[in-house]
Amino acid sequence: MTDKLERKGTGKLQTLIEIESEVQQKWDSMKIFEIDAPSQDKPKYMCTFPYPYMNGVLHLGHAFTVSKCEFAAGYERLLGKNVLYPFGFHCTGMPIKACADKLVKEMELYGNPPVFPQIEKSIVTEDSDVKLNLDKSKGKKSKAVAKSGGAKFQWEIMRAIGTPEKDIPKFADANHWLEHFPPIAMRHLKRMGIKTDWRRSFITTDVNPYYDRFVRWQFIKLKERDHIAFGKRYTVFSPKDNQPCMDHERQTGEGVGPLEYTLIKLRVLNKLPSVLEKEKVFLVAATLRPETMYGQTNCWIHPDINYIAFRLKNGEVWIGTERCARNMSWQEMFSSTGVTDKICSIKGSDLIGCAVKAPLTSYERVYVLPMMTIKESKGTGIVTSVPSDAPDDYVALQDLKKKQQFRAKYNLSDEMVLPFDPIPIIDIPEIGDLAAVTVSEALKIQSQNDTDKLLEAKKQVYMKGFYEGVIKVGSFAGQPVQNVKKLVQQAMIEDGTAAKYMECENLVISRSNDECVVALCDQWYLDYGEEKWKKKVKEDCLPNVNTYSSEVRNNFIQTLDWLQEHACCRTYGLGSRLPWDETWLVESLSDSTIYNAYYTVAHLLQGNLRGTEPGILGIAPEQMTNEVWDYIFFKNAPKPKTTIKDEALARMKREFQYWYPVDMRNSGKDLIPNHLTYYLYNHVAIWPDEPERWPASIHANGHLLLNNEKMSKQTGNFLTLEESIRKFSADGMRLALADSGDNTDDANFVEKTADTAILRLYAFVDWVREFLEDKSDFRSGPSDELFSDRVFVAEMNQLIRDSKYHYSKMNYKDALRTCFFEFQAVRDRYRELSLGDMHRDLIMQFVKNQILILSPICPHVCEHVWSQIGESGSILNALWPDCPAPDESLIESCKYLLDAAHDFRLRLQEMSNPKQKGKQQVPPVKVKLTHGVFYVAEKFPEWQDSIINALRELYYANKREFPANNIIAEKIKSLNLGQKYAKKAMPFVQKIKSDVASIGVSVFDQMTAFSETEVLKNNREYLRQTLGLEGVTITLSREAKDEKISEECCPLKPMSHFYTVPSVEVSFVNPQPCSGMFTVQLPVYEDDNMTKVKQRLMKASRIKEISALTLYRYKDPIASPLTIPSFDEPLKDKVMCSNDAKFEVDVGSEKVFLVENGSKQFLNKLMIYWVNAS
């Protein structure tokens, strides 16, 4: 079954799109989203979304994250707050410049338009190795790859995103990107209906002189406060571009950072090629666990990998992969940066069996053995083996010990393998000092092919070993493992048996298609590892930030634990120049940390997106000095010496002081390890003494799937924002986005859901139109007389409260459920319970409530209906419905009624369709049951009452928990209930336990908040009609003649019995010419009144109004039916029947009589019915 769309028509869609266009014109004319700081304080709400990068059009994934802010803004407006939702456009960084330069190069090489060579496209794959404790956001393909749809050349990528062929050459100028894409994004977002004050929008980079001045001021402040330093630091680096490669400059590997390994130097003792015989040669094994080197028993090498020997600048010769040597050449290990001093190549199989001297282990020498799972793309391609604490090592070593043929294949003698047993080095509680051995045996791992079990074993051993293990051997014996890791590494480096080595955690490919390395670079960096700064963020800032989920908070804590320096500048791309060294550009993750503050004054400073014209205050960029920025953003800063007017300064300062801090920032969860954490750091740095300016809340959402698959242009499973609106309407798309999911789990946008949203929204609009047209047909007068009226109001109030709670927690899927799906269901239930006789005022109240609570999600439809029902102004300026606390007992009584009706229906079906017994040849005849009796219990039967009292006693004696079933059984046995109830006792116990778990201890009280009898009696007609019966009776179970009912019927579980009452069939004839009405045969029962018979006839003939129906009898019931009727006088010789008339039935003779005004008239089983057309 597919989730993709197969639509038959677009009429309803076009209606919604027309409504949206009209509504957006209304909002524009009202300038409804343009808002300035008021002179008097009023509650405010500012929410922001990380400005999107402008190298293409926005897609549905953007819309999903945008929608979280959008729904929040709509909800907060309903609370009466001033709401600011500004939106900027990010152009800083390398991608736009790199794309423009690629176009230049392609046109130089292949012409304009270019004719590209036919080449086979390769697919870059990433290492799929599982790394424990690694953030899920790391190692992903970048947004650029998603947009490109697999195209290799930049010209093809531009074509793939919809750029006309004739316009592509314009994009060879990087500035054209800044002119082209932001207005398109703005147009599409307006069609979505987002509540943005577009006056405050801007683009970044030094193209915008106002924003450029702001970024320069920020960096001067950071440097003044010693948060920026210069020096050599490890960073992800593109050798091809000759500069660091930040997140937004990558095709693949967004979020990936440097990973530190310890290289263990294993001195080679024999089997070296002749060219190395006189050299001091080491195999270098990369490990993340230097503290386990005490347990080495061998070394692993892949026999099929081609290794190289290379000379370092200290004269040592190391053996590793060519890839790792390339990395090392950028880490000052060789004489020349970027150049590896290669001596020779060595096949892995030539090294197997050689002896090496391994540091720290108790073995004098160990041997190089084969392992087929080693990857050339990880570490050095050489792995040291610690089978005591590494399940992979233990299982691989056992395989070699067990398989003599395997050893013989690689010419391994027994003494190279068999004598080497795991060495106990770490003691782990509950596992012991040979953790890998213990866990592998417990999981029954048979070989290296048991990959799932090995993964589970590694999780258990590594996590528990690192956090709970204690070192048993060496100079650090007795200390926790997590405390000695760095100490062991440092000691080994100092004695020359190890070295530090860095490489990317996962594959990183730059936008220039270069595989990145980790390089030791001269660079300006933000010192996020500085202890005091980190502590202030972790202990003073983060605890006061509402993160909406523990997972998000834990991700922040984990990021703060590992985050160190971040390179904040580069030499290539677009951006602002570093104020004190203009050879450097501020990179994209560093100019985007406090820019939310700029939103507060952007509309006053700049007159357009690019800042090429001054804003309404007429301030020139050069007037925005550092002292002016200080005055605007710092509460105690002195007034600057400036030509800017005092009132302009005061207005800008007021804007900032009123709107800041950001009340909620929403982003994808993948930005927690970088942007969102930097966001906290920089607010703490810029406003160290004003914590009231720090972020109030951060909400993170997961990624968006489309029809349960990843979005990808390459597979065609992709939608831009514009396509989504065109396909589903703005409100249809928004509803489906709300339904897609919340929190950090990956959400799923289902096209069928969006298409259903179109139908639901259209149906609601159409239903409101019909109601307004037919309003006079609805009941008026007192609106609280009927049970159905009171329940309707109570259920609306309950859902309004539930929706408010879900909105406040940003749980929009739940909010949509309560504010629309369940709210609509409440209306439908009201129609059902009231038997279609709904109250005009309550329906109008429902419509108004519905559009108010749905307006954050579907504002266009709600605005349209707001106008249709005669409300003035805009719904966006209205307030959340003010409703009293819901009458919960009334809601419970309605649930009771519906549950009872459901149970009665099942019982009726069961009695109407008797089961075939035994070998009965003829199936039982279906029975037409006409009447029902419903039995209500005032209290539990005596045997059940005894059990409940016993359970109450056990529950409270056991500290408000039920004891084990064997204890309960003993207690029940002591009640001496007798054989009759023995088998029923424990099932009843389980029912009560379940009820206590779901309802609470009120179950023990055996009291209901309402009268069951009254509820059923007040809804007798509803029960009769919904069950299709002719009559119902409600009585107490103690009056039942059936012993089963009197003994088993209990509170809140009424029982039922159905039976057939004899009747006589009467023909009801309609003589109206061309009426389309037919003669129908209906049963008439003893003591039927006119209303019952009319209702029966209405149902059979689909007559809507009882007032339109009149019954007649023949003057002469014998002769008149035999007379040819008159076309002109169809009611000739017919007598109108009184509404007070009753029927008498003689079933034996099959005669029916009408009793009215004291006289009794024979009907001859014939009557006339007339329907008034008006």
# chains A, B, ... in the order shown; residues from 1 in each chain; ligands from 1
call {"tool": "select_by_dssp", "arguments": {"residues": "segment 302-350 of chain A", "states": "strand (DSSP E)", "output": "PyMOL selection string"}}
result
chain A and resi 306-311+317-321+342-347
call {"tool": "residues_around", "arguments": {"residues": "Ala435 of chain A", "least_positions_apart": "4", "cutoff": "7 Å", "atoms": "only C-alpha atoms", "output": "compact mmCIF listing (two decimals) with all heavy atoms, in the first residue's frame"}}
result
# COMPACT_ATOMS: atom_id res chain seq x y z
N SER A 388 40.75 -9.44 26.44
CA SER A 388 40.11 -9.42 27.76
C SER A 388 38.95 -8.43 27.80
O SER A 388 37.97 -8.64 28.52
CB SER A 388 41.12 -9.07 28.84
OG SER A 388 41.70 -7.79 28.57
N ASP A 389 39.05 -7.35 27.02
CA ASP A 389 38.06 -6.27 27.12
C ASP A 389 37.52 -5.82 25.77
O ASP A 389 36.85 -4.80 25.71
CB ASP A 389 38.69 -5.08 27.86
CG ASP A 389 38.91 -5.41 29.34
OD1 ASP A 389 39.96 -5.98 29.66
OD2 ASP A 389 38.01 -5.12 30.14
N ILE A 431 30.56 -8.16 36.20
CA ILE A 431 31.07 -8.87 35.02
C ILE A 431 32.39 -9.56 35.33
O ILE A 431 32.62 -10.69 34.90
CB ILE A 431 31.25 -7.89 33.83
CG1 ILE A 431 29.90 -7.31 33.41
CG2 ILE A 431 31.88 -8.61 32.64
CD1 ILE A 431 29.96 -6.34 32.24
N VAL A 439 31.03 -11.83 28.74
CA VAL A 439 29.85 -11.40 27.99
C VAL A 439 29.70 -12.21 26.70
O VAL A 439 28.59 -12.59 26.31
CB VAL A 439 29.92 -9.88 27.70
CG1 VAL A 439 28.78 -9.46 26.77
CG2 VAL A 439 29.86 -9.09 28.99
N VAL A 461 30.22 -4.15 27.30
CA VAL A 461 31.58 -4.14 27.83
C VAL A 461 32.16 -2.74 27.83
O VAL A 461 32.73 -2.28 28.84
CB VAL A 461 32.48 -5.11 27.03
CG1 VAL A 461 33.94 -4.98 27.47
CG2 VAL A 461 32.00 -6.54 27.22
call {"tool": "residues_around", "arguments": {"residues": "segment 307-322 of chain A", "least_positions_apart": "5", "cutoff": "8 Å", "atoms": "only C-alpha atoms", "output": "mmCIF file with N, CA and C atoms, in the first residue's frame"}}
result
data_model
loop_
_atom_site.group_PDB
_atom_site.id
_atom_site.type_symbol
_atom_site.label_atom_id
_atom_site.label_comp_id
_atom_site.auth_asym_id
_atom_site.auth_seq_id
_atom_site.Cartn_x
_atom_site.Cartn_y
_atom_site.Cartn_z
ATOM 1 N N GLU A 279 66.376 -0.017 9.419
ATOM 2 C CA GLU A 279 65.574 1.058 9.993
ATOM 3 C C GLU A 279 64.913 0.626 11.306
ATOM 4 N N LYS A 280 64.566 1.646 12.087
ATOM 5 C CA LYS A 280 63.779 1.422 13.296
ATOM 6 C C LYS A 280 62.307 1.539 12.875
ATOM 7 N N VAL A 281 61.647 0.410 12.743
ATOM 8 C CA VAL A 281 60.325 0.368 12.121
ATOM 9 C C VAL A 281 59.251 0.023 13.157
ATOM 10 N N PHE A 282 58.122 0.749 13.055
ATOM 11 C CA PHE A 282 56.985 0.508 13.953
ATOM 12 C C PHE A 282 55.705 0.316 13.139
ATOM 13 N N LEU A 283 54.929 -0.698 13.524
ATOM 14 C CA LEU A 283 53.533 -0.720 13.112
ATOM 15 C C LEU A 283 52.801 0.233 14.059
ATOM 16 N N VAL A 284 51.974 1.116 13.507
ATOM 17 C CA VAL A 284 51.251 2.044 14.385
ATOM 18 C C VAL A 284 49.766 1.672 14.385
ATOM 19 N N MET A 333 53.808 15.988 11.319
ATOM 20 C CA MET A 333 54.591 14.785 11.610
ATOM 21 C C MET A 333 55.684 14.564 10.562
ATOM 22 N N PHE A 334 55.516 15.183 9.371
ATOM 23 C CA PHE A 334 56.507 15.036 8.307
ATOM 24 C C PHE A 334 57.314 16.329 8.158
ATOM 25 N N SER A 335 58.386 16.233 7.388
ATOM 26 C CA SER A 335 59.260 17.395 7.195
ATOM 27 C C SER A 335 58.540 18.500 6.442
ATOM 28 N N THR A 340 53.902 13.260 2.136
ATOM 29 C CA THR A 340 54.282 12.051 2.866
ATOM 30 C C THR A 340 55.613 11.530 2.311
ATOM 31 N N ASP A 341 56.530 11.201 3.217
ATOM 32 C CA ASP A 341 57.845 10.677 2.809
ATOM 33 C C ASP A 341 57.753 9.154 2.720
ATOM 34 N N LYS A 342 57.199 8.680 1.604
ATOM 35 C CA LYS A 342 56.952 7.246 1.428
ATOM 36 C C LYS A 342 58.246 6.525 1.056
ATOM 37 N N ILE A 343 58.478 5.383 1.720
ATOM 38 C CA ILE A 343 59.670 4.573 1.433
ATOM 39 C C ILE A 343 59.311 3.419 0.508
ATOM 40 N N CYS A 344 58.270 2.684 0.849
ATOM 41 C CA CYS A 344 57.875 1.532 0.028
ATOM 42 C C CYS A 344 56.454 1.107 0.369
ATOM 43 N N SER A 345 55.901 0.238 -0.477
ATOM 44 C CA SER A 345 54.588 -0.353 -0.222
ATOM 45 C C SER A 345 54.773 -1.762 0.322
ATOM 46 N N ILE A 346 53.843 -2.194 1.163
ATOM 47 C CA ILE A 346 53.917 -3.532 1.766
ATOM 48 C C ILE A 346 52.515 -4.126 1.771
ATOM 49 N N LYS A 347 52.373 -5.304 1.230
ATOM 50 C CA LYS A 347 51.101 -6.025 1.260
ATOM 51 C C LYS A 347 50.850 -6.519 2.689
ATOM 52 N N GLY A 348 49.610 -6.420 3.144
ATOM 53 C CA GLY A 348 49.288 -6.843 4.505
ATOM 54 C C GLY A 348 49.673 -8.286 4.765
ATOM 55 N N GLU A 376 40.138 -0.036 5.702
ATOM 56 C CA GLU A 376 41.210 0.884 5.321
ATOM 57 C C GLU A 376 40.822 2.335 5.606
ATOM 58 N N THR A 380 44.515 3.515 11.186
ATOM 59 C CA THR A 380 45.728 3.244 10.392
ATOM 60 C C THR A 380 45.643 1.939 9.626
ATOM 61 N N GLY A 381 44.515 1.221 9.766
ATOM 62 C CA GLY A 381 44.404 -0.095 9.146
ATOM 63 C C GLY A 381 45.101 -1.174 9.957
ATOM 64 N N ILE A 382 45.637 -0.803 11.113
ATOM 65 C CA ILE A 382 46.318 -1.739 12.027
ATOM 66 C C ILE A 382 45.628 -1.623 13.380
#
call {"tool": "closest_residue", "arguments": {"among": "A:Tyr110, A:Cys541, A:Ile857, A:Lys453", "to": "Lys195 of chain A", "atoms": "only C-alpha atoms"}}
result
A:Ile857
call {"tool": "residues_around", "arguments": {"residues": "segment 1083-1099 of chain A", "least_positions_apart": "3", "cutoff": "9 Å", "atoms": "only C-alpha atoms", "output": "PyMOL selection string"}}
result
chain A and resi 1030+1061-1068+1080+1102-1106+1109-1111+1137-1147+1152+1169
call {"tool": "residues_around", "arguments": {"residues": "segment 981-995 of chain A", "least_positions_apart": "4", "cutoff": "8 Å", "atoms": "only C-alpha atoms", "output": "PyMOL selection string"}}
result
chain A and resi 943-944+947-948+951+962+969+972+977+999-1000+1003
call {"tool": "closest_atom_pairs", "arguments": {"of": "segment 792-833 of chain A", "to": "segment 74-78 of chain A", "cutoff": "10 Å", "atoms": "only C-alpha atoms", "output": "JSON lines"}}
result
{"residue": "A:Lys804", "atom": "CA", "partner": "A:Tyr75", "partner_atom": "CA", "distance": 8.4}
{"residue": "A:Tyr807", "atom": "CA", "partner": "A:Tyr75", "partner_atom": "CA", "distance": 6.8}
{"residue": "A:Ser808", "atom": "CA", "partner": "A:Tyr75", "partner_atom": "CA", "distance": 8.1}
{"residue": "A:Met810", "atom": "CA", "partner": "A:Tyr75", "partner_atom": "CA", "distance": 9.8}
call {"tool": "closest_residue", "arguments": {"among": "A:Val996, A:Cys245, A:Leu772, A:Cys569", "to": "Arg840 of chain A", "atoms": "only C-alpha atoms"}}
result
A:Leu772
call {"tool": "closest_residue", "arguments": {"among": "A:Asn949, A:Asn666, A:Thr287, A:Thr438", "to": "Cys69 of chain A", "atoms": "only C-alpha atoms"}}
result
A:Asn666
call {"tool": "atom_distance", "arguments": {"atom1": "atom CA of Leu585 of chain A", "atom2": "atom CA of Val215 of chain A"}}
result
10.9 Å
call {"tool": "residues_around", "arguments": {"residues": "segment 365-372 of chain A", "least_positions_apart": "6", "cutoff": "10 Å", "atoms": "only C-alpha atoms", "output": "PyMOL selection string"}}
result
chain A and resi 266-269+283+296-305+348-349+351-359+382-385+392-393+396-397+400+406-407+410+412+415-417+420+448
call {"tool": "write_last_selection", "arguments": {"atoms": "C-alpha atoms", "output": "PDB file, in the first residue's frame"}}
result
ATOM      1  CA  LEU A 266      54.635  -1.700  17.925  1.00  0.00           C
ATOM      2  CA  ARG A 267      58.370  -2.221  17.213  1.00  0.00           C
ATOM      3  CA  VAL A 268      58.783  -4.731  14.356  1.00  0.00           C
ATOM      4  CA  LEU A 269      61.288  -7.465  15.311  1.00  0.00           C
ATOM      5  CA  LEU A 283      53.533  -0.720  13.112  1.00  0.00           C
ATOM      6  CA  GLN A 296      47.663  -6.796  24.372  1.00  0.00           C
ATOM      7  CA  THR A 297      48.051 -10.361  23.107  1.00  0.00           C
ATOM      8  CA  ASN A 298      48.630  -9.772  19.383  1.00  0.00           C
ATOM      9  CA  CYS A 299      48.216  -7.269  16.555  1.00  0.00           C
ATOM     10  CA  TRP A 300      45.648  -7.422  13.728  1.00  0.00           C
ATOM     11  CA  ILE A 301      46.275  -6.617  10.060  1.00  0.00           C
ATOM     12  CA  HIS A 302      44.096  -7.107   6.988  1.00  0.00           C
ATOM     13  CA  PRO A 303      46.000  -9.364   4.596  1.00  0.00           C
ATOM     14  CA  ASP A 304      44.572  -7.696   1.461  1.00  0.00           C
ATOM     15  CA  ILE A 305      45.232  -4.039   2.345  1.00  0.00           C
ATOM     16  CA  GLY A 348      49.288  -6.843   4.505  1.00  0.00           C
ATOM     17  CA  SER A 349      49.807 -10.584   3.961  1.00  0.00           C
ATOM     18  CA  LEU A 351      53.393  -8.686   7.565  1.00  0.00           C
ATOM     19  CA  ILE A 352      51.334 -11.555   9.007  1.00  0.00           C
ATOM     20  CA  GLY A 353      53.365 -13.705  11.380  1.00  0.00           C
ATOM     21  CA  CYS A 354      55.989 -11.105  12.174  1.00  0.00           C
ATOM     22  CA  ALA A 355      56.844 -10.507  15.826  1.00  0.00           C
ATOM     23  CA  VAL A 356      56.410  -7.099  17.421  1.00  0.00           C
ATOM     24  CA  LYS A 357      57.258  -5.556  20.769  1.00  0.00           C
ATOM     25  CA  ALA A 358      54.028  -4.147  22.257  1.00  0.00           C
ATOM     26  CA  PRO A 359      54.255  -1.565  25.062  1.00  0.00           C
ATOM     27  CA  ILE A 382      46.318  -1.739  12.027  1.00  0.00           C
ATOM     28  CA  VAL A 383      44.561  -2.768  15.228  1.00  0.00           C
ATOM     29  CA  THR A 384      46.105  -3.910  18.474  1.00  0.00           C
ATOM     30  CA  SER A 385      44.298  -6.791  20.190  1.00  0.00           C
ATOM     31  CA  ASP A 392      35.801  -8.576  18.596  1.00  0.00           C
ATOM     32  CA  ASP A 393      39.386  -9.380  19.584  1.00  0.00           C
ATOM     33  CA  ALA A 396      38.691 -13.448  16.431  1.00  0.00           C
ATOM     34  CA  LEU A 397      41.485 -14.920  18.569  1.00  0.00           C
ATOM     35  CA  LEU A 400      42.269 -18.701  15.061  1.00  0.00           C
ATOM     36  CA  PHE A 406      42.976 -20.987   9.068  1.00  0.00           C
ATOM     37  CA  ARG A 407      46.365 -20.721  10.772  1.00  0.00           C
ATOM     38  CA  TYR A 410      48.744 -17.734   6.636  1.00  0.00           C
ATOM     39  CA  LEU A 412      51.104 -19.209  11.387  1.00  0.00           C
ATOM     40  CA  GLU A 415      53.358 -20.796  19.159  1.00  0.00           C
ATOM     41  CA  MET A 416      52.277 -17.553  17.444  1.00  0.00           C
ATOM     42  CA  VAL A 417      48.635 -18.058  18.528  1.00  0.00           C
ATOM     43  CA  PHE A 420      48.312 -16.096  24.144  1.00  0.00           C
ATOM     44  CA  GLN A 448      32.978 -13.310  14.056  1.00  0.00           C
TER      45      GLN A 448
END
call {"tool": "decode", "arguments": {"residues": "segment 823-832 of chain A", "atoms": "all heavy atoms", "output": "short mmCIF file (atom, residue, chain, number, x, y, z; two decimals), in the first residue's frame"}}
result
data_model
loop_
_atom_site.label_atom_id
_atom_site.label_comp_id
_atom_site.auth_asym_id
_atom_site.auth_seq_id
_atom_site.Cartn_x
_atom_site.Cartn_y
_atom_site.Cartn_z
N PHE A 823 -12.38 17.44 18.11
CA PHE A 823 -13.37 18.51 18.22
C PHE A 823 -14.49 18.31 17.19
O PHE A 823 -15.67 18.51 17.49
CB PHE A 823 -12.68 19.86 18.01
CG PHE A 823 -13.32 20.98 18.78
CD1 PHE A 823 -13.16 21.08 20.15
CD2 PHE A 823 -14.09 21.94 18.14
CE1 PHE A 823 -13.74 22.11 20.87
CE2 PHE A 823 -14.69 22.97 18.84
CZ PHE A 823 -14.52 23.06 20.21
N GLN A 824 -14.11 17.90 15.98
CA GLN A 824 -15.12 17.60 14.97
C GLN A 824 -15.95 16.38 15.39
O GLN A 824 -17.16 16.33 15.16
CB GLN A 824 -14.43 17.31 13.63
CG GLN A 824 -13.72 18.51 13.02
CD GLN A 824 -14.64 19.40 12.21
OE1 GLN A 824 -15.34 18.94 11.33
NE2 GLN A 824 -14.64 20.69 12.52
N ALA A 825 -15.29 15.41 16.02
CA ALA A 825 -16.01 14.21 16.47
C ALA A 825 -17.04 14.55 17.54
O ALA A 825 -18.11 13.94 17.62
CB ALA A 825 -15.02 13.17 17.00
N VAL A 826 -16.72 15.54 18.40
CA VAL A 826 -17.66 15.98 19.43
C VAL A 826 -18.92 16.54 18.79
O VAL A 826 -20.04 16.28 19.24
CB VAL A 826 -16.98 17.03 20.34
CG1 VAL A 826 -18.02 17.85 21.10
CG2 VAL A 826 -16.05 16.35 21.32
N ARG A 827 -18.75 17.33 17.72
CA ARG A 827 -19.93 17.84 17.00
C ARG A 827 -20.76 16.69 16.43
O ARG A 827 -22.00 16.68 16.53
CB ARG A 827 -19.48 18.77 15.88
CG ARG A 827 -20.62 19.30 15.01
CD ARG A 827 -20.14 19.68 13.64
NE ARG A 827 -19.54 18.55 12.94
CZ ARG A 827 -18.87 18.67 11.79
NH1 ARG A 827 -18.70 19.84 11.23
NH2 ARG A 827 -18.35 17.59 11.21
N ASP A 828 -20.08 15.73 15.82
CA ASP A 828 -20.79 14.59 15.24
C ASP A 828 -21.53 13.79 16.32
O ASP A 828 -22.65 13.31 16.10
CB ASP A 828 -19.82 13.68 14.49
CG ASP A 828 -19.17 14.39 13.31
OD1 ASP A 828 -19.72 15.41 12.86
OD2 ASP A 828 -18.11 13.93 12.87
N ARG A 829 -20.90 13.68 17.49
CA ARG A 829 -21.54 12.95 18.58
C ARG A 829 -22.76 13.72 19.09
O ARG A 829 -23.78 13.12 19.47
CB ARG A 829 -20.52 12.74 19.70
CG ARG A 829 -20.98 11.82 20.79
CD ARG A 829 -19.83 11.15 21.51
NE ARG A 829 -18.84 12.06 22.04
CZ ARG A 829 -17.57 12.11 21.60
NH1 ARG A 829 -17.17 11.31 20.64
NH2 ARG A 829 -16.71 12.95 22.13
N TYR A 830 -22.66 15.04 19.10
CA TYR A 830 -23.81 15.87 19.50
C TYR A 830 -24.98 15.65 18.54
O TYR A 830 -26.13 15.50 18.96
CB TYR A 830 -23.37 17.33 19.51
CG TYR A 830 -24.49 18.32 19.83
CD1 TYR A 830 -25.37 18.11 20.89
CD2 TYR A 830 -24.64 19.48 19.08
CE1 TYR A 830 -26.37 19.02 21.19
CE2 TYR A 830 -25.63 20.40 19.36
CZ TYR A 830 -26.50 20.17 20.41
OH TYR A 830 -27.49 21.06 20.70
N ARG A 831 -24.69 15.61 17.25
CA ARG A 831 -25.73 15.36 16.26
C ARG A 831 -26.39 14.01 16.52
O ARG A 831 -27.62 13.87 16.42
CB ARG A 831 -25.13 15.39 14.84
CG ARG A 831 -26.16 15.21 13.75
CD ARG A 831 -25.51 14.91 12.41
NE ARG A 831 -24.74 16.03 11.90
CZ ARG A 831 -23.43 15.99 11.65
NH1 ARG A 831 -22.75 14.87 11.87
NH2 ARG A 831 -22.79 17.04 11.18
N GLU A 832 -25.56 13.02 16.87
CA GLU A 832 -26.08 11.67 17.12
C GLU A 832 -26.93 11.62 18.38
O GLU A 832 -28.05 11.09 18.37
CB GLU A 832 -24.90 10.69 17.24
CG GLU A 832 -25.30 9.26 17.50
CD GLU A 832 -24.09 8.36 17.76
OE1 GLU A 832 -22.95 8.83 17.59
OE2 GLU A 832 -24.29 7.21 18.15
#
